[in-house]
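A.B. asks: Dropping a structure here in structure tokens format, bear with me for questions.
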Amino acid sequence: MIEIIYSIIAFLLLWVPAFLCHEIMHSLEARRQGCKTRIDMWIHKGIPSMRCIVTEGTLKNKWLFALAGGLYTSIILIIISWIASGMPWLAASVGTLAIINFIYSLYEATFLHKIPLATYMKYHYFVYAIGIVIGIIMYYYIFGVM
């Protein structure tokens with residue numbers, strides 16, 4: 001039972017660094033494509049969020065830019081989760097953040113530049129929820145603890 005509490009605390013504490021990494025990965029991809037960027041904090045309907053803004057240059061591949069944040073971050077987090085496998089509560093938290101980022105990368109690549117921002121933001125919380133549910137299920141089946 002205590003591991004579940006540790007896992008929840010770790011998940012909450014690691015949420016912001018994981019999504020800062022997500023925005024940094026967007027930035028690195030944009031820079032690879034020859035652009036300059038900045039990462040902004042902004043508020044959408046009272047909830048803080050981050051985004052990578054291209055400040056100079058033109059993206060050659062918007063789809064890859066949109067995919068990169070979550071995809072590259074999920075790879076990094078899966079590796080960290082594997083390294084932390086001796087501490088199931090931490091591995092599960094980091095792994096769940098990896099799953100969320102991976103699913104979010106597919107969502108971003110599919111919809112970021114294609115639907116209005118208000119619609120995009122409306123559904124992105126649903127994407128987070130799907131990742132959390134999948135992470136909890138995986139935690140249960142991989143470590144057998146709930």
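Each chain in the structure tokens gets a letter, A, B and so on, in the order shown; residues start at 1 in every chain, and ligands are counted from 1 in the order they appear.
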So that I can check the surroundings of A:Ile132, please list as a list in words every protein, DNA and RNA residue that reaches within 9 Å of it, counting only C-alpha atoms and ignoring chain neighbours fewer than 6 positions away.
C.D. replies: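 Using only C-alpha atoms, the neighbours found are Thr96, Leu97, Ile99 and Ile100 of chain A.
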A.B. asks: Apply DSSP to the backbone of this structure and, from chain A, keep only the residues in helix (DSSP H, G or I); write these as a ChimeraX atom specification.
C.D. replies: /A:2-32,62-83,88-111,117-143
A.B. asks: I need the residues of chain A that end up classed as strand (DSSP E) by DSSP on the backbone, written out as a list in words.
C.D. replies: Lys36, Thr37, Arg38, Ile39, Asp40, Met41, Trp42, Ile43, His44, Ile47, Pro48, Ser49, Met50, Arg51, Cys52, Ile53, Val54, Thr55 and Glu56 of chain A
A.B. asks: Closest to A:Ile5 among A:Ile39, A:Ala92, A:Ile80, A:Leu64, using only C-alpha atoms?
C.D. replies: A:Ala92
A.B. asks: I need the residue nearest A:His124 from this list: A:Thr55, A:Ser49, A:Lys60, A:Met87. Use only C-alpha atoms for the distance.
C.D. replies: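 Using only C-alpha atoms, the shortest distance to A:His124 belongs to A:Ser49.
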A.B. asks: With only C-alpha atoms as the atoms that count, which of A:Cys52, A:Trp63, A:Ser93, A:Phe111 lies nearest to A:Leu28?
C.D. replies: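 Closest to A:Leu28 of all the choices is A:Cys52.
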A.B. asks: Could you give me, as a list in words, the residues within 8 Å of A:Gly70, counting only C-alpha atoms and dropping anything in the same chain fewer than 4 positions from it?
C.D. replies: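 In the requested format, the answer is His22, Met25, Ser74, Asn101, Phe102, Ile103, Tyr104, Ser105 and Leu106 of chain A.
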A.B. asks: Find the distance between atom CA of A:Ser81 and atom CA of A:Ile130 and write it in Å to one decimal.
C.D. replies: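 Separation between atom CA of A:Ser81 and atom CA of A:Ile130: 19.0 Å.
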A.B. asks: Hey, which of A:Pro116, A:Gly95, A:Gly34, A:Gly135 ends up closest to A:Val54? Count only C-alpha atoms.
C.D. replies: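 Closest residue, counting only C-alpha atoms: A:Gly34.
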A.B. asks: What does the distance between atom CA of A:Ser85 and atom CA of A:Val16 come to in Å, to one decimal place?
C.D. replies: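 About the pair atom CA of A:Ser85 and atom CA of A:Val16: they are 21.5 Å apart.
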A.B. asks: I need the residue nearest A:Leu77 from this list: A:Ala18, A:Ile4, A:Ala10, A:Ala109. Use only C-alpha atoms for the distance.
C.D. replies: A:Ala18
A.B. asks: For the atom pair atom CA of A:Tyr72 and atom CA of A:Ala30, what is the interatomic distance in Å to one decimal place?
C.D. replies: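 If I compute the distance from atom CA of A:Tyr72 to atom CA of A:Ala30, I get 12.9 Å.
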A.B. asks: Tell me, as a list in words, which residues lie within 10 Å of A:Glu29, counting only C-alpha atoms; anything in the same chain fewer than 6 positions away does not count.
C.D. replies: Glu23, Cys35, Thr37, Leu59, Asn61, Lys62, Leu64, Phe65, Ala66, Leu67, Ala68, Gly69 and Tyr72 of chain A
A.B. asks: Let's have the selection written as an mmCIF file, in the first residue's frame, with C-alpha atoms.
C.D. replies:
```cif
data_model
loop_
_atom_site.group_PDB
_atom_site.id
_atom_site.type_symbol
_atom_site.label_atom_id
_atom_site.label_comp_id
_atom_site.auth_asym_id
_atom_site.auth_seq_id
_atom_site.Cartn_x
_atom_site.Cartn_y
_atom_site.Cartn_z
ATOM 1 C CA GLU A 23 8.910 20.988 -24.613
ATOM 2 C CA CYS A 35 14.768 27.202 -36.260
ATOM 3 C CA THR A 37 12.610 28.593 -30.232
ATOM 4 C CA LEU A 59 9.770 24.331 -39.735
ATOM 5 C CA ASN A 61 8.484 19.207 -41.062
ATOM 6 C CA LYS A 62 5.675 20.356 -38.742
ATOM 7 C CA LEU A 64 7.888 15.675 -36.889
ATOM 8 C CA PHE A 65 8.118 18.805 -34.735
ATOM 9 C CA ALA A 66 4.714 17.964 -33.216
ATOM 10 C CA LEU A 67 5.629 14.287 -32.745
ATOM 11 C CA ALA A 68 9.098 14.925 -31.290
ATOM 12 C CA GLY A 69 8.136 16.343 -27.884
ATOM 13 C CA TYR A 72 11.643 11.651 -27.661
#
```
A.B. asks: Compare A:Trp89, A:Tyr139, A:Phe11, A:Tyr128 by their minimum atom-to-atom distance to A:Tyr107, counting only C-alpha atoms, and give me the closest one.
C.D. replies: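 Using only C-alpha atoms, A:Tyr107 sits closest to A:Tyr128.
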